[in-house]
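Worksheet: one structure, shown below.
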Protein chains: 2
Amino acid sequence: METFLQTNMSTIKEVSRLAGVSISTVSRVLNESGPVSEDTKEKVMSVVDQLDYKPNAMAQALVTNRSNGIGVIVNEISSPFYNGIISGIERTIESEDMHLVVSSGHNQRESEKEALEFLKKGRSDGIIVQFDACSDFDFLDWTKDCQPFAVVGRFIPELAESCVYIDNQLGGQMATDYLISKGHKNIAHISGPLGMQDSRNRLQGYQTAIRNSGLTLNDNYLVESDFMESGGYRATKRLLERNLNITAIFAANDQMAAGALKALREENLSVPDDVSLIGYDDVMLAQYLYPSLTSIRQPLLEMGKAAANLVLNALGKNSGNRDTEVKNKFKPVLVERESVATLK
Amino acid sequence: METFLQTNMSTIKEVSRLAGVSISTVSRVLNESGPVSEDTKEKVMSVVDQLDYKPNAMAQALVTNRSNGIGVIVNEISSPFYNGIISGIERTIESEDMHLVVSSGHNQRESEKEALEFLKKGRSDGIIVQFDACSDFDFLDWTKDCQPFAVVGRFIPELAESCVYIDNQLGGQMATDYLISKGHKNIAHISGPLGMQDSRNRLQGYQTAIRNSGLTLNDNYLVESDFMESGGYRATKRLLERNLNITAIFAANDQMAAGALKALREENLSVPDDVSLIGYDDVMLAQYLYPSLTSIRQPLLEMGKAAANLVLNALGKNSGNRDTEVKNKFKPVLVERESVATLK
DNA sequence: ATTAGCTATGAAAACGGTTTTAGTACCTAG
DNA sequence: CTAGGTACTAAAACCGTTTTCATAGCTAAT
């Protein structure tokens, strides 16, 4: 079973032979790690060009104990949500000439563990994880021998300094407060799976806002759903059946809001004239919906950058114009569009 | 500058010392690559567990000349489009215990080259590229020493066997034919940048369909745009100013179609009652638009899988239940939704 | 009893680099 | 004429594996 890729790659030895110098001389020329005469330098470089020689990354990694890779594990690479984070990480590390090794945790404990073990074999100099399925306890256990590493989208008290996260409770509160400020009193909430921390936090924010404003909390106004469009659709139908005279809905993500929009349309309820709607995440679709969706944006790119900076700093990389000061806790931002109206 | 990650990783040497056997015996136990007595096996494994020993991937890669990585280069990791492809690749290779090394080419020739050079240093056993910016000539030159590798989303005659691509002309034709079949005669086309092959092919499909149906081709019905929402919006405004009595628009991607929808709405034209609209790509937003967008779907996941299978086959990986038969040319699929109506 | 053929093991040579050590040759100054 | 720099190069050690080859101790067949 041969590998074709590397088949006729030239080595430092060949370069040295053709240039008529020692191996160490070639290394010194390439890494500028010692005095070499101009003549020799030129000779070596010409052979390097001619052979199209590239130092073998694996050999370098082995001897320097540096792979120049950053490992990233997220639930699903293809989700627009995690994607923003990955993108932020990539932009940051690419200026340091490092590369990305990505894996999916598939929101399953075993998968998450496996992906981590995989990266721990020296494939990366640092690891950035977004784990949902495992417990805090698992987390601490698995990562205790990983340094440097960063956690994104989750706060774990014992690892506070390594966490980059967002205040989801604040976001939930902002969404709800906004609706209240527009005069709404009968405000429903479609939450994500309450097994997920994010969902719980957003719900807490909703509850806090309702309470703080003097309105009374009523569980009838709450439906637990699944972060999917179909779930949002069904949840909305169920809410409407309860005849609560709802004038506004806060959905815990944009996809569920899209489902809600569909359900409302089917019931001949106009958004925002009859019912106001607010989403969460501000993914791309929010601006394309009709009416375009008011939502709570999470600065995903910034969070990715922060996580990357965290590990790059720990690696002592300071070449670029990176921020060495890293923000850990991010604030959600309200993005106003057309789906919320003032209650008459 | 120390690396923390690997700091206290145990080596095979330590295992061998603690187990009181030779290094080669440990290797044999771990890889089941030779006869070992039950006793020894147990002794070794107990030390392995105790030390939580994991073989160093870099050392393994060096000696076996296998990194177990597949390199992927796409324009932009964060685009939903390339994401589908990446996702397909990931799902396929993860069952072979390989990992993904991803880079962005940023649709810039130099970036694409750089990313490729980077991977060529032995970081991956195979490479999958989606290059837009470079010429066919560059392509052939750069990849001539890369095997195995696959090209996705582009057809290069000299590399036919390594290409996984889609018939964009057919897609354009399907979209246009569909509109024609609904009775439309004044059909406009908003194309992507005509510097890109995909755009040209879709345009050709449009032209072919128009001609084949006996309608006359008229350049006034064509606007070149940029694949972005704002571009689709402007293009539509311009089309409407021409007073051509347009009853249907074929946009070369969904984002431009979304822009067109917005422009039409502003002009108080109803979709699909006044103007029918069809997009291309069938990205997620197509189903969320109102009215939901009829579009031409590209089987991105399948294409990613095909590309991955291409390189895995070349690597002689046959462990899983993968398809060893790989399809190179994919066919677009028409997805009917609500944005096209029969002309009265 | 000798030989052939196992099984279980270990020593050592790769793999392709970097880094350290130990020169060597050529000056210059005492 | 020699001691001590300077400016370089060569050789060796090492990184953590896999793999080849050698060997010792068996058993079974001639």
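Each chain in the structure tokens gets a letter, A, B, ..., in the order shown, and its residues are numbered from 1; ligands are numbered from 1 in order too.
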
List as a ChimeraX atom specification the protein and nucleic acid residues near Gln173 (chain B), meaning an atom at most 10 Å away when only C-alpha atoms (C1' of nucleotides) are counted, but skip any in the same chain fewer than 3 places from it. /B:167-170,176-179,201-210,212

Convert the current residue selection to file output with C-alpha atoms, as a PDB file, in the first residue's frame.
```pdb
ATOM      1  CA  ASP B 167     -23.775  19.710 -15.107  1.00  0.00           C
ATOM      2  CA  ASN B 168     -24.490  23.378 -14.681  1.00  0.00           C
ATOM      3  CA  GLN B 169     -25.611  23.827 -18.217  1.00  0.00           C
ATOM      4  CA  LEU B 170     -28.220  21.157 -17.706  1.00  0.00           C
ATOM      5  CA  THR B 176     -35.570  27.647 -17.988  1.00  0.00           C
ATOM      6  CA  ASP B 177     -37.451  24.701 -19.463  1.00  0.00           C
ATOM      7  CA  TYR B 178     -39.566  24.555 -16.346  1.00  0.00           C
ATOM      8  CA  LEU B 179     -40.546  28.189 -16.732  1.00  0.00           C
ATOM      9  CA  ASN B 201     -22.646  27.243 -17.983  1.00  0.00           C
ATOM     10  CA  ARG B 202     -25.916  28.198 -16.363  1.00  0.00           C
ATOM     11  CA  LEU B 203     -26.289  31.000 -18.853  1.00  0.00           C
ATOM     12  CA  GLN B 204     -25.636  28.589 -21.699  1.00  0.00           C
ATOM     13  CA  GLY B 205     -28.333  26.330 -20.320  1.00  0.00           C
ATOM     14  CA  TYR B 206     -30.729  29.256 -20.286  1.00  0.00           C
ATOM     15  CA  GLN B 207     -29.858  30.169 -23.856  1.00  0.00           C
ATOM     16  CA  THR B 208     -30.153  26.608 -25.082  1.00  0.00           C
ATOM     17  CA  ALA B 209     -33.576  26.195 -23.541  1.00  0.00           C
ATOM     18  CA  ILE B 210     -34.845  29.449 -25.000  1.00  0.00           C
ATOM     19  CA  ASN B 212     -34.780  24.981 -28.349  1.00  0.00           C
TER      20      ASN B 212
END
```

Counting only C-alpha atoms (C1' of nucleotides), what are the residues of chain C within 10 Å of chain B, and for each of them which pair of atoms is the nearest and at what distance in Å, to one decimal? Sort the table by chain and rising number, as a tab-separated table.
```
residue	atom	partner	partner_atom	distance
C:DT7	C1'	B:Pro35	CA	7.1
C:DA8	C1'	B:Val36	CA	6.2
C:DT9	C1'	B:Thr25	CA	7.3
C:DG10	C1'	B:Ser22	CA	6.1
C:DA11	C1'	B:Ser22	CA	9.0
C:DA14	C1'	B:Val63	CA	8.1
C:DC15	C1'	B:Val63	CA	4.6
C:DG16	C1'	B:Leu62	CA	7.5
C:DG17	C1'	B:Leu62	CA	9.9
```

Within region 104-210 of chain B, find each residue whose DSSP state, derived from the backbone, is strand (DSSP E), and express the selection as a list of chain:residue names. B:Ser104, B:Gly126, B:Ile127, B:Ile128, B:Val129, B:Phe149, B:Ala150, B:Val151, B:Val152, B:Cys163, B:Val164, B:Tyr165, B:Ile166, B:Ile187, B:Ala188, B:His189, B:Ile190, B:Ser191

For N, CA and C atoms, I'd like the residues from the last selection saved as a PDB file, in the first residue's frame.
```pdb
ATOM      1  N   SER B 104      -8.865  27.605   3.489  1.00  0.00           N
ATOM      2  CA  SER B 104      -9.654  28.431   2.592  1.00  0.00           C
ATOM      3  C   SER B 104      -8.782  28.972   1.477  1.00  0.00           C
ATOM      4  N   GLY B 126      -4.186  12.686   1.054  1.00  0.00           N
ATOM      5  CA  GLY B 126      -4.942  12.967  -0.160  1.00  0.00           C
ATOM      6  C   GLY B 126      -5.489  14.371  -0.076  1.00  0.00           C
ATOM      7  N   ILE B 127      -5.762  14.944  -1.212  1.00  0.00           N
ATOM      8  CA  ILE B 127      -6.196  16.341  -1.226  1.00  0.00           C
ATOM      9  C   ILE B 127      -7.446  16.502  -2.080  1.00  0.00           C
ATOM     10  N   ILE B 128      -8.389  17.249  -1.570  1.00  0.00           N
ATOM     11  CA  ILE B 128      -9.601  17.566  -2.332  1.00  0.00           C
ATOM     12  C   ILE B 128      -9.665  19.076  -2.480  1.00  0.00           C
ATOM     13  N   VAL B 129      -9.684  19.530  -3.709  1.00  0.00           N
ATOM     14  CA  VAL B 129      -9.666  20.977  -3.912  1.00  0.00           C
ATOM     15  C   VAL B 129     -10.882  21.477  -4.665  1.00  0.00           C
ATOM     16  N   PHE B 149      -5.650  12.789  -5.444  1.00  0.00           N
ATOM     17  CA  PHE B 149      -6.402  14.005  -5.184  1.00  0.00           C
ATOM     18  C   PHE B 149      -7.656  14.046  -6.030  1.00  0.00           C
ATOM     19  N   ALA B 150      -8.571  14.914  -5.638  1.00  0.00           N
ATOM     20  CA  ALA B 150      -9.828  15.047  -6.362  1.00  0.00           C
ATOM     21  C   ALA B 150     -10.174  16.519  -6.503  1.00  0.00           C
ATOM     22  N   VAL B 151     -10.858  16.818  -7.566  1.00  0.00           N
ATOM     23  CA  VAL B 151     -11.316  18.170  -7.824  1.00  0.00           C
ATOM     24  C   VAL B 151     -12.820  18.168  -7.650  1.00  0.00           C
ATOM     25  N   VAL B 152     -13.327  19.147  -6.947  1.00  0.00           N
ATOM     26  CA  VAL B 152     -14.768  19.164  -6.799  1.00  0.00           C
ATOM     27  C   VAL B 152     -15.339  20.476  -7.337  1.00  0.00           C
ATOM     28  N   CYS B 163     -12.254  14.419 -11.306  1.00  0.00           N
ATOM     29  CA  CYS B 163     -13.200  15.519 -11.112  1.00  0.00           C
ATOM     30  C   CYS B 163     -14.570  15.032 -10.676  1.00  0.00           C
ATOM     31  N   VAL B 164     -15.120  15.732  -9.721  1.00  0.00           N
ATOM     32  CA  VAL B 164     -16.499  15.504  -9.320  1.00  0.00           C
ATOM     33  C   VAL B 164     -17.208  16.820  -9.578  1.00  0.00           C
ATOM     34  N   TYR B 165     -18.146  16.801 -10.483  1.00  0.00           N
ATOM     35  CA  TYR B 165     -18.719  18.081 -10.883  1.00  0.00           C
ATOM     36  C   TYR B 165     -20.184  17.905 -11.237  1.00  0.00           C
ATOM     37  N   ILE B 166     -20.786  19.013 -11.516  1.00  0.00           N
ATOM     38  CA  ILE B 166     -22.208  18.972 -11.797  1.00  0.00           C
ATOM     39  C   ILE B 166     -22.459  19.630 -13.137  1.00  0.00           C
ATOM     40  N   ILE B 187     -38.778  35.561 -20.431  1.00  0.00           N
ATOM     41  CA  ILE B 187     -38.031  35.049 -19.285  1.00  0.00           C
ATOM     42  C   ILE B 187     -36.679  35.738 -19.183  1.00  0.00           C
ATOM     43  N   ALA B 188     -36.449  36.388 -18.040  1.00  0.00           N
ATOM     44  CA  ALA B 188     -35.162  37.066 -17.833  1.00  0.00           C
ATOM     45  C   ALA B 188     -34.198  36.152 -17.090  1.00  0.00           C
ATOM     46  N   HIS B 189     -32.919  36.455 -17.262  1.00  0.00           N
ATOM     47  CA  HIS B 189     -31.929  35.694 -16.511  1.00  0.00           C
ATOM     48  C   HIS B 189     -30.964  36.647 -15.818  1.00  0.00           C
ATOM     49  N   ILE B 190     -30.802  36.434 -14.520  1.00  0.00           N
ATOM     50  CA  ILE B 190     -29.787  37.180 -13.773  1.00  0.00           C
ATOM     51  C   ILE B 190     -28.631  36.218 -13.565  1.00  0.00           C
ATOM     52  N   SER B 191     -27.533  36.483 -14.232  1.00  0.00           N
ATOM     53  CA  SER B 191     -26.419  35.530 -14.174  1.00  0.00           C
ATOM     54  C   SER B 191     -25.433  35.912 -13.082  1.00  0.00           C
TER      55      SER B 191
END
```

Closest-contact table, chain D side, partner chain A, 10 Å, counting only C-alpha atoms (C1' of nucleotides), as a Markdown table:
```
| residue | atom | partner | partner_atom | distance |
| --- | --- | --- | --- | --- |
| D:DA7 | C1' | A:Pro35 | CA | 7.6 |
| D:DC8 | C1' | A:Val36 | CA | 6.8 |
| D:DT9 | C1' | A:Ser22 | CA | 7.1 |
| D:DA10 | C1' | A:Ser22 | CA | 6.5 |
| D:DA11 | C1' | A:Ser22 | CA | 9.2 |
| D:DC14 | C1' | A:Val63 | CA | 7.7 |
| D:DC15 | C1' | A:Val63 | CA | 4.4 |
| D:DG16 | C1' | A:Leu62 | CA | 7.6 |
```

Using only C-alpha atoms, which residue out of B:Ser10, B:Ser213, B:Thr324, B:Asn253 lies closest to chain A? B:Ser10

Residues of chain A that approach chain B to 8 Å or less, counting only C-alpha atoms: could you list each one with the shortest pair of atoms and its distance in Å to one decimal, rows by chain and increasing residue number, as CSV?
```
residue,atom,partner,partner_atom,distance
A:Met1,CA,B:Gly316,CA,6.9
A:Glu2,CA,B:Leu315,CA,7.8
A:Thr3,CA,B:Leu315,CA,6.9
A:Phe4,CA,B:Gln147,CA,5.2
A:Leu5,CA,B:Gln147,CA,4.6
A:Gln6,CA,B:Gly122,CA,6.6
A:Lys54,CA,B:Lys121,CA,6.1
A:Pro55,CA,B:Lys121,CA,6.5
A:Asn56,CA,B:Lys121,CA,5.1
A:Ala57,CA,B:Lys121,CA,5.3
A:Met58,CA,B:Met58,CA,5.5
A:Ala59,CA,B:Leu62,CA,6.0
A:Ala61,CA,B:Met58,CA,6.5
A:Leu62,CA,B:Met58,CA,5.7
A:Asn65,CA,B:Thr3,CA,7.2
A:Arg66,CA,B:Thr3,CA,7.2
A:Ser67,CA,B:Met58,CA,7.9
A:Ile77,CA,B:Ser87,CA,6.5
A:Ser78,CA,B:Asn83,CA,5.3
A:Pro80,CA,B:Pro80,CA,6.8
A:Asn83,CA,B:Ser78,CA,5.3
A:Gly84,CA,B:Ser78,CA,6.2
A:Ile86,CA,B:Ser78,CA,7.6
A:Ser87,CA,B:Ser78,CA,5.8
A:Glu90,CA,B:Ser103,CA,8.0
A:His99,CA,B:Ser103,CA,7.1
A:Leu100,CA,B:Val101,CA,5.7
A:Val101,CA,B:Val101,CA,4.7
A:Val102,CA,B:Leu100,CA,5.8
A:Ser103,CA,B:His99,CA,7.1
A:Lys120,CA,B:Leu5,CA,7.9
A:Lys121,CA,B:Asn56,CA,5.2
A:Gly122,CA,B:Asn56,CA,5.8
A:Arg123,CA,B:Ala57,CA,6.3
A:Asp125,CA,B:Leu5,CA,6.3
A:Gly126,CA,B:Leu5,CA,6.9
A:Asp145,CA,B:Leu5,CA,7.1
A:Cys146,CA,B:Leu5,CA,5.2
A:Gln147,CA,B:Leu5,CA,4.6
A:Pro148,CA,B:Leu5,CA,6.1
A:Ala258,CA,B:Tyr288,CA,6.7
A:Met284,CA,B:Leu285,CA,7.9
A:Leu285,CA,B:Leu285,CA,5.5
A:Tyr288,CA,B:Leu289,CA,6.2
A:Leu289,CA,B:Leu289,CA,5.2
A:Tyr290,CA,B:Tyr290,CA,5.8
A:Leu315,CA,B:Thr3,CA,6.9
A:Gly316,CA,B:Met1,CA,6.8
```

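Note that CA of Ser16 (chain B) and C1' of DT23 (chain D) are 20.0 Å apart.
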
Extract, using only C-alpha atoms (C1' of nucleotides), all DNA, RNA and protein residues at most 10 Å from DT20 (chain C), discarding same-chain residues fewer than 2 positions from it, and format them as an NGL selection string. (:C and (18 or 22)) or (:D and (12-14))

Convert the current residue selection to file output with C-alpha atoms (C1' of nucleotides), as a PDB file, in the first residue's frame.
```pdb
ATOM      1  C1'  DT C  18      16.486  19.997  13.860  1.00  0.00           C
ATOM      2  C1'  DA C  22      33.076  19.384  17.637  1.00  0.00           C
TER       3       DA C  22
ATOM      4  C1'  DA D  12      26.280  12.872  15.639  1.00  0.00           C
ATOM      5  C1'  DA D  13      22.367  12.751  18.702  1.00  0.00           C
ATOM      6  C1'  DC D  14      17.633  12.868  18.943  1.00  0.00           C
TER       7       DC D  14
END
```

Report as a PyMOL selection string all protein, DNA and RNA residues lying within 10 Å of Asp136 (chain B), evaluated on only C-alpha atoms (C1' of nucleotides), omitting residues in the same chain fewer than 6 positions from it. chain B and resi 142+154-158

Those residues with C-alpha atoms, as a compact mmCIF listing (two decimals), in the first residue's frame please?
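As a result, part_11.txt now contains:
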```
# COMPACT_ATOMS: atom_id res chain seq x y z
CA TRP B 142 0.23 22.72 -9.21
CA ARG B 154 -15.00 21.94 -11.69
CA PHE B 155 -14.30 19.92 -14.77
CA ILE B 156 -10.79 19.83 -16.14
CA PRO B 157 -10.51 17.63 -19.21
CA GLU B 158 -6.99 16.41 -18.47
```

What are the DSSP helix (DSSP H, G or I) residues of region 150-324 of chain B, as a PyMOL selection string? chain B and resi 157-162+168-181+197-212+219-221+229-241+254-266+285-288+300-314

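Here CA of Leu293 (chain A) stands at a distance of 20.4 Å from CA of Glu338 (chain B).
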
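CA of Asn68 (chain A) lies 23.9 Å from CA of Met45 (chain A).
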